[in-house]
Amino acid sequence: MSLQAPDLMTALGFNADDLAANRAGSLSTGQAARLRKNWRRQLTVSIILVIVLMFVATTLLFLGQRNDSGALTFVGMAITVINGVIVGVGAQSYLRLSGDLRVGSVIATSGVVKRVVRVASGRATSYVIRVGDGGDVNVSKVVFNAFEEGQRYTLYRAAASKALLSAESL
């Protein structure tokens, strides 16, 4: 491994055992545990958000009906639809996680790294790593900075969720 590997290990939070398992085409035990932990955190936030939005929507629908206000009723219905979308995204996340854990395989993509910064509306920034034809991988700024533009890397990603698990320079 090159000098870049420790920076990638720190940024992505993997170790030599994780990388060895990924090279063999499978998830390590630690990576499976991290995927579960991240999903539980996302589930907790989603449940809290759904409950809060449910109370807001119910209140708005009640007030809209009580005061004969079409605007309040419409906003209450819109929040109910948004709540349904949140539940759907949560279900999709669960299906991807269970697919990752059931299959336990890892997708390896090798090629030259291209780093892309996307700015939307002048303030929202997303960091993207592009390797060969493997598609774009959204990453944090720390991970983005751990990669060197124009260098060859192998990225190891979970099969269903496409979560970036580890990477190494070639």
# chains A, B, ... in the order shown; residues from 1 in each chain; ligands from 1
$ residues_around --residues "Gly84 in chain A" --least-positions-apart "2" --cutoff "12 Å" --atoms "only C-alpha atoms" --output "list in words"
Ser46, Ile47, Leu49, Val50, Ile51, Leu53, Met54, Ala57, Met77, Ala78, Ile79, Thr80, Val81, Ile82, Ile86, Val87, Gly88, Val89, Gly90 and Ala91 of chain A
$ residues_around --residues "range 123-129 of chain A" --least-positions-apart "4" --cutoff "8 Å" --atoms "only C-alpha atoms" --output "ChimeraX atom specification"
/A:113-119,136-141,144
$ write_last_selection --atoms "all heavy atoms" --output "mmCIF file, in the first residue's frame"
data_model
loop_
_atom_site.group_PDB
_atom_site.id
_atom_site.type_symbol
_atom_site.label_atom_id
_atom_site.label_comp_id
_atom_site.auth_asym_id
_atom_site.auth_seq_id
_atom_site.Cartn_x
_atom_site.Cartn_y
_atom_site.Cartn_z
ATOM 1 N N VAL A 113 -8.986 8.227 -10.331
ATOM 2 C CA VAL A 113 -9.936 9.040 -9.569
ATOM 3 C C VAL A 113 -10.071 10.423 -10.173
ATOM 4 O O VAL A 113 -9.087 11.066 -10.524
ATOM 5 C CB VAL A 113 -9.498 9.158 -8.095
ATOM 6 C CG1 VAL A 113 -10.147 10.351 -7.411
ATOM 7 C CG2 VAL A 113 -9.830 7.901 -7.342
ATOM 8 N N LYS A 114 -11.324 10.833 -10.283
ATOM 9 C CA LYS A 114 -11.638 12.219 -10.629
ATOM 10 C C LYS A 114 -12.466 12.753 -9.468
ATOM 11 O O LYS A 114 -13.449 12.151 -9.069
ATOM 12 C CB LYS A 114 -12.417 12.289 -11.932
ATOM 13 C CG LYS A 114 -12.782 13.702 -12.295
ATOM 14 C CD LYS A 114 -13.365 13.802 -13.677
ATOM 15 C CE LYS A 114 -13.882 15.194 -13.843
ATOM 16 N NZ LYS A 114 -13.434 15.973 -14.838
ATOM 17 N N ARG A 115 -12.028 13.870 -8.899
ATOM 18 C CA ARG A 115 -12.737 14.498 -7.787
ATOM 19 C C ARG A 115 -13.617 15.616 -8.333
ATOM 20 O O ARG A 115 -13.153 16.452 -9.088
ATOM 21 C CB ARG A 115 -11.760 15.045 -6.755
ATOM 22 C CG ARG A 115 -10.875 13.962 -6.179
ATOM 23 C CD ARG A 115 -9.918 14.404 -5.104
ATOM 24 N NE ARG A 115 -9.464 15.768 -5.170
ATOM 25 C CZ ARG A 115 -8.981 16.447 -4.128
ATOM 26 N NH1 ARG A 115 -8.911 15.884 -2.951
ATOM 27 N NH2 ARG A 115 -8.573 17.683 -4.259
ATOM 28 N N VAL A 116 -14.887 15.619 -7.926
ATOM 29 C CA VAL A 116 -15.845 16.597 -8.425
ATOM 30 C C VAL A 116 -16.534 17.258 -7.237
ATOM 31 O O VAL A 116 -17.012 16.580 -6.333
ATOM 32 C CB VAL A 116 -16.916 15.918 -9.320
ATOM 33 C CG1 VAL A 116 -17.922 16.935 -9.817
ATOM 34 C CG2 VAL A 116 -16.267 15.168 -10.464
ATOM 35 N N VAL A 117 -16.562 18.588 -7.248
ATOM 36 C CA VAL A 117 -17.298 19.350 -6.233
ATOM 37 C C VAL A 117 -18.533 19.907 -6.909
ATOM 38 O O VAL A 117 -18.435 20.606 -7.921
ATOM 39 C CB VAL A 117 -16.441 20.491 -5.648
ATOM 40 C CG1 VAL A 117 -17.249 21.299 -4.646
ATOM 41 C CG2 VAL A 117 -15.180 19.950 -5.020
ATOM 42 N N ARG A 118 -19.703 19.595 -6.348
ATOM 43 C CA ARG A 118 -20.962 20.102 -6.889
ATOM 44 C C ARG A 118 -21.515 21.159 -5.945
ATOM 45 O O ARG A 118 -21.648 20.928 -4.754
ATOM 46 C CB ARG A 118 -21.976 18.971 -7.034
ATOM 47 C CG ARG A 118 -21.589 17.959 -8.074
ATOM 48 C CD ARG A 118 -22.678 16.945 -8.260
ATOM 49 N NE ARG A 118 -22.263 15.963 -9.248
ATOM 50 C CZ ARG A 118 -22.640 14.711 -9.238
ATOM 51 N NH1 ARG A 118 -23.467 14.274 -8.315
ATOM 52 N NH2 ARG A 118 -22.220 13.880 -10.166
ATOM 53 N N VAL A 119 -21.844 22.311 -6.519
ATOM 54 C CA VAL A 119 -22.420 23.399 -5.735
ATOM 55 C C VAL A 119 -23.799 23.695 -6.305
ATOM 56 O O VAL A 119 -23.949 23.964 -7.493
ATOM 57 C CB VAL A 119 -21.529 24.660 -5.794
ATOM 58 C CG1 VAL A 119 -22.158 25.790 -4.998
ATOM 59 C CG2 VAL A 119 -20.130 24.350 -5.299
ATOM 60 N N ASP A 136 -20.670 7.617 -9.730
ATOM 61 C CA ASP A 136 -20.274 8.623 -8.750
ATOM 62 C C ASP A 136 -20.520 8.112 -7.334
ATOM 63 O O ASP A 136 -21.507 7.436 -7.078
ATOM 64 C CB ASP A 136 -21.072 9.907 -8.958
ATOM 65 C CG ASP A 136 -20.712 10.610 -10.251
ATOM 66 O OD1 ASP A 136 -19.742 10.191 -10.901
ATOM 67 O OD2 ASP A 136 -21.399 11.574 -10.613
ATOM 68 N N VAL A 137 -19.618 8.475 -6.434
ATOM 69 C CA VAL A 137 -19.764 8.125 -5.026
ATOM 70 C C VAL A 137 -19.736 9.420 -4.232
ATOM 71 O O VAL A 137 -18.730 10.133 -4.238
ATOM 72 C CB VAL A 137 -18.617 7.197 -4.546
ATOM 73 C CG1 VAL A 137 -18.812 6.834 -3.091
ATOM 74 C CG2 VAL A 137 -18.518 5.959 -5.410
ATOM 75 N N ASN A 138 -20.844 9.749 -3.580
ATOM 76 C CA ASN A 138 -20.885 10.928 -2.719
ATOM 77 C C ASN A 138 -20.142 10.610 -1.434
ATOM 78 O O ASN A 138 -20.377 9.567 -0.814
ATOM 79 C CB ASN A 138 -22.324 11.324 -2.399
ATOM 80 C CG ASN A 138 -23.028 11.898 -3.605
ATOM 81 O OD1 ASN A 138 -22.441 12.613 -4.394
ATOM 82 N ND2 ASN A 138 -24.294 11.576 -3.753
ATOM 83 N N VAL A 139 -19.249 11.506 -1.045
ATOM 84 C CA VAL A 139 -18.422 11.296 0.144
ATOM 85 C C VAL A 139 -18.368 12.576 0.963
ATOM 86 O O VAL A 139 -18.752 13.643 0.495
ATOM 87 C CB VAL A 139 -16.982 10.850 -0.235
ATOM 88 C CG1 VAL A 139 -16.986 9.498 -0.937
ATOM 89 C CG2 VAL A 139 -16.285 11.893 -1.088
ATOM 90 N N SER A 140 -17.858 12.454 2.184
ATOM 91 C CA SER A 140 -17.658 13.633 3.025
ATOM 92 C C SER A 140 -16.430 14.390 2.528
ATOM 93 O O SER A 140 -15.624 13.871 1.749
ATOM 94 C CB SER A 140 -17.464 13.209 4.481
ATOM 95 O OG SER A 140 -16.226 12.522 4.615
ATOM 96 N N LYS A 141 -16.264 15.589 3.017
ATOM 97 C CA LYS A 141 -15.116 16.411 2.623
ATOM 98 C C LYS A 141 -13.806 15.758 3.060
ATOM 99 O O LYS A 141 -12.814 15.794 2.334
ATOM 100 C CB LYS A 141 -15.247 17.810 3.222
ATOM 101 C CG LYS A 141 -14.175 18.767 2.775
ATOM 102 C CD LYS A 141 -14.417 20.163 3.328
ATOM 103 C CE LYS A 141 -13.371 21.130 2.823
ATOM 104 N NZ LYS A 141 -13.607 22.493 3.330
ATOM 105 N N PHE A 144 -13.115 12.986 0.655
ATOM 106 C CA PHE A 144 -12.798 13.618 -0.619
ATOM 107 C C PHE A 144 -11.337 14.069 -0.649
ATOM 108 O O PHE A 144 -10.610 13.828 -1.611
ATOM 109 C CB PHE A 144 -13.732 14.814 -0.826
ATOM 110 C CG PHE A 144 -13.555 15.559 -2.109
ATOM 111 C CD1 PHE A 144 -14.162 15.114 -3.274
ATOM 112 C CD2 PHE A 144 -12.802 16.730 -2.163
ATOM 113 C CE1 PHE A 144 -14.010 15.813 -4.462
ATOM 114 C CE2 PHE A 144 -12.650 17.432 -3.342
ATOM 115 C CZ PHE A 144 -13.259 16.968 -4.500
#
$ atom_distance --atom1 "CA of Asn15 in chain A" --atom2 "CA of Ser166 in chain A"
8.6 Å
$ select_by_dssp --residues "range 121-155 of chain A" --states "helix (DSSP H, G or I)" --output "list of chain:residue names"
A:Lys141, A:Val142, A:Val143, A:Phe144, A:Asn145, A:Ala146
$ write_last_selection --atoms "N, CA and C atoms" --output "PDB file, in the first residue's frame"
ATOM      1  N   LYS A 141     -16.264  15.589   3.017  1.00  0.00           N
ATOM      2  CA  LYS A 141     -15.116  16.411   2.623  1.00  0.00           C
ATOM      3  C   LYS A 141     -13.806  15.758   3.060  1.00  0.00           C
ATOM      4  N   VAL A 142     -13.795  15.144   4.234  1.00  0.00           N
ATOM      5  CA  VAL A 142     -12.589  14.480   4.740  1.00  0.00           C
ATOM      6  C   VAL A 142     -12.181  13.342   3.804  1.00  0.00           C
ATOM      7  N   VAL A 143     -13.140  12.528   3.399  1.00  0.00           N
ATOM      8  CA  VAL A 143     -12.854  11.416   2.480  1.00  0.00           C
ATOM      9  C   VAL A 143     -12.427  11.966   1.123  1.00  0.00           C
ATOM     10  N   PHE A 144     -13.115  12.986   0.655  1.00  0.00           N
ATOM     11  CA  PHE A 144     -12.798  13.618  -0.619  1.00  0.00           C
ATOM     12  C   PHE A 144     -11.337  14.069  -0.649  1.00  0.00           C
ATOM     13  N   ASN A 145     -10.893  14.691   0.428  1.00  0.00           N
ATOM     14  CA  ASN A 145      -9.523  15.201   0.500  1.00  0.00           C
ATOM     15  C   ASN A 145      -8.479  14.105   0.660  1.00  0.00           C
ATOM     16  N   ALA A 146      -8.903  12.907   1.058  1.00  0.00           N
ATOM     17  CA  ALA A 146      -7.956  11.792   1.214  1.00  0.00           C
ATOM     18  C   ALA A 146      -7.563  11.182  -0.134  1.00  0.00           C
TER      19      ALA A 146
END
$ residues_around --residues "Ala32 in chain A" --least-positions-apart "2" --cutoff "12 Å" --atoms "only C-alpha atoms" --output "PDB file with N, CA and C atoms, in the first residue's frame"
ATOM      1  N   PHE A  14     -11.841   2.292   8.191  1.00  0.00           N
ATOM      2  CA  PHE A  14     -11.657   0.854   8.032  1.00  0.00           C
ATOM      3  C   PHE A  14     -10.251   0.482   8.474  1.00  0.00           C
ATOM      4  N   ASP A  18     -10.577  -5.258   7.518  1.00  0.00           N
ATOM      5  CA  ASP A  18     -11.699  -4.877   6.648  1.00  0.00           C
ATOM      6  C   ASP A  18     -11.267  -4.897   5.182  1.00  0.00           C
ATOM      7  N   ALA A  21     -10.865  -8.452   3.876  1.00  0.00           N
ATOM      8  CA  ALA A  21     -12.175  -9.053   3.588  1.00  0.00           C
ATOM      9  C   ALA A  21     -12.751  -8.479   2.296  1.00  0.00           C
ATOM     10  N   ASN A  22     -12.597  -7.167   2.093  1.00  0.00           N
ATOM     11  CA  ASN A  22     -13.108  -6.528   0.881  1.00  0.00           C
ATOM     12  C   ASN A  22     -12.383  -7.026  -0.361  1.00  0.00           C
ATOM     13  N   SER A  26     -15.934  -9.753   0.237  1.00  0.00           N
ATOM     14  CA  SER A  26     -16.991  -9.844   1.239  1.00  0.00           C
ATOM     15  C   SER A  26     -16.882  -8.716   2.265  1.00  0.00           C
ATOM     16  N   LEU A  27     -17.987  -8.518   2.986  1.00  0.00           N
ATOM     17  CA  LEU A  27     -18.021  -7.564   4.095  1.00  0.00           C
ATOM     18  C   LEU A  27     -17.292  -8.159   5.283  1.00  0.00           C
ATOM     19  N   SER A  28     -16.606  -7.322   6.033  1.00  0.00           N
ATOM     20  CA  SER A  28     -16.022  -7.792   7.287  1.00  0.00           C
ATOM     21  C   SER A  28     -17.097  -7.705   8.372  1.00  0.00           C
ATOM     22  N   THR A  29     -16.845  -8.351   9.491  1.00  0.00           N
ATOM     23  CA  THR A  29     -17.778  -8.306  10.613  1.00  0.00           C
ATOM     24  C   THR A  29     -17.941  -6.873  11.121  1.00  0.00           C
ATOM     25  N   GLY A  30     -16.831  -6.140  11.204  1.00  0.00           N
ATOM     26  CA  GLY A  30     -16.881  -4.754  11.655  1.00  0.00           C
ATOM     27  C   GLY A  30     -17.674  -3.861  10.716  1.00  0.00           C
ATOM     28  N   ARG A  34     -21.032  -1.702  11.459  1.00  0.00           N
ATOM     29  CA  ARG A  34     -21.136  -0.257  11.183  1.00  0.00           C
ATOM     30  C   ARG A  34     -22.345   0.048  10.307  1.00  0.00           C
ATOM     31  N   LEU A  35     -22.615  -0.802   9.325  1.00  0.00           N
ATOM     32  CA  LEU A  35     -23.792  -0.593   8.479  1.00  0.00           C
ATOM     33  C   LEU A  35     -25.065  -0.665   9.318  1.00  0.00           C
ATOM     34  N   ARG A  36     -25.136  -1.653  10.222  1.00  0.00           N
ATOM     35  CA  ARG A  36     -26.308  -1.765  11.105  1.00  0.00           C
ATOM     36  C   ARG A  36     -26.442  -0.531  12.000  1.00  0.00           C
ATOM     37  N   LYS A  37     -25.321  -0.072  12.559  1.00  0.00           N
ATOM     38  CA  LYS A  37     -25.332   1.091  13.454  1.00  0.00           C
ATOM     39  C   LYS A  37     -25.809   2.339  12.715  1.00  0.00           C
ATOM     40  N   ASN A  38     -25.295   2.558  11.505  1.00  0.00           N
ATOM     41  CA  ASN A  38     -25.717   3.719  10.713  1.00  0.00           C
ATOM     42  C   ASN A  38     -27.199   3.630  10.376  1.00  0.00           C
ATOM     43  N   TRP A  39     -27.688   2.422  10.072  1.00  0.00           N
ATOM     44  CA  TRP A  39     -29.092   2.269   9.733  1.00  0.00           C
ATOM     45  C   TRP A  39     -29.959   2.528  10.963  1.00  0.00           C
ATOM     46  N   LEU A  97     -30.018  -2.371   3.252  1.00  0.00           N
ATOM     47  CA  LEU A  97     -29.195  -2.907   4.328  1.00  0.00           C
ATOM     48  C   LEU A  97     -29.346  -4.419   4.422  1.00  0.00           C
ATOM     49  N   SER A  98     -30.571  -4.898   4.401  1.00  0.00           N
ATOM     50  CA  SER A  98     -30.762  -6.346   4.511  1.00  0.00           C
ATOM     51  C   SER A  98     -30.162  -7.059   3.306  1.00  0.00           C
ATOM     52  N   GLY A  99     -30.194  -6.423   2.135  1.00  0.00           N
ATOM     53  CA  GLY A  99     -29.535  -7.000   0.969  1.00  0.00           C
ATOM     54  C   GLY A  99     -28.027  -7.059   1.152  1.00  0.00           C
ATOM     55  N   ASP A 100     -27.444  -5.989   1.689  1.00  0.00           N
ATOM     56  CA  ASP A 100     -25.996  -5.977   1.954  1.00  0.00           C
ATOM     57  C   ASP A 100     -25.608  -7.073   2.931  1.00  0.00           C
ATOM     58  N   LEU A 101     -26.379  -7.217   4.008  1.00  0.00           N
ATOM     59  CA  LEU A 101     -26.044  -8.190   5.038  1.00  0.00           C
ATOM     60  C   LEU A 101     -26.330  -9.623   4.591  1.00  0.00           C
ATOM     61  N   ARG A 102     -27.394  -9.821   3.824  1.00  0.00           N
ATOM     62  CA  ARG A 102     -27.756 -11.158   3.351  1.00  0.00           C
ATOM     63  C   ARG A 102     -26.728 -11.672   2.355  1.00  0.00           C
ATOM     64  N   VAL A 103     -26.401 -10.853   1.376  1.00  0.00           N
ATOM     65  CA  VAL A 103     -25.463 -11.255   0.342  1.00  0.00           C
ATOM     66  C   VAL A 103     -24.038 -11.210   0.879  1.00  0.00           C
ATOM     67  N   GLY A 104     -23.708 -10.144   1.592  1.00  0.00           N
ATOM     68  CA  GLY A 104     -22.393 -10.004   2.198  1.00  0.00           C
ATOM     69  C   GLY A 104     -21.259  -9.784   1.220  1.00  0.00           C
ATOM     70  N   SER A 105     -21.600  -9.475  -0.021  1.00  0.00           N
ATOM     71  CA  SER A 105     -20.537  -9.280  -1.010  1.00  0.00           C
ATOM     72  C   SER A 105     -20.227  -7.798  -1.192  1.00  0.00           C
ATOM     73  N   VAL A 106     -19.061  -7.571  -1.783  1.00  0.00           N
ATOM     74  CA  VAL A 106     -18.554  -6.221  -1.999  1.00  0.00           C
ATOM     75  C   VAL A 106     -18.250  -6.055  -3.483  1.00  0.00           C
ATOM     76  N   ALA A 158     -20.462  -1.637  -0.759  1.00  0.00           N
ATOM     77  CA  ALA A 158     -21.470  -2.644  -0.432  1.00  0.00           C
ATOM     78  C   ALA A 158     -22.324  -2.905  -1.674  1.00  0.00           C
ATOM     79  N   ALA A 163     -22.716   1.712  -0.498  1.00  0.00           N
ATOM     80  CA  ALA A 163     -21.956   2.484   0.499  1.00  0.00           C
ATOM     81  C   ALA A 163     -20.470   2.204   0.330  1.00  0.00           C
ATOM     82  N   LEU A 165     -17.037   1.399   1.501  1.00  0.00           N
ATOM     83  CA  LEU A 165     -16.537   0.702   2.689  1.00  0.00           C
ATOM     84  C   LEU A 165     -15.048   0.915   2.897  1.00  0.00           C
TER      85      LEU A 165
END
$ atom_distance --atom1 "CA of Asp133 in chain A" --atom2 "CA of Val112 in chain A"
9.9 Å
$ closest_residue --among "A:Gly76, A:Tyr156, A:Gln92, A:Ser169" --to "Gln42 in chain A" --atoms "only C-alpha atoms"
A:Gln92
$ atom_distance --atom1 "CA of Asp17 in chain A" --atom2 "CA of Leu95 in chain A"
26.3 Å
$ select_by_dssp --residues "chain A" --states "strand (DSSP E)" --output "PyMOL selection string"
chain A and resi 106-120+124-131+136-139+152-158+164-169
$ closest_residue --among "A:Ala108, A:Leu60, A:Leu43, A:Ala159" --to "Leu19 in chain A" --atoms "only C-alpha atoms"
A:Ala108
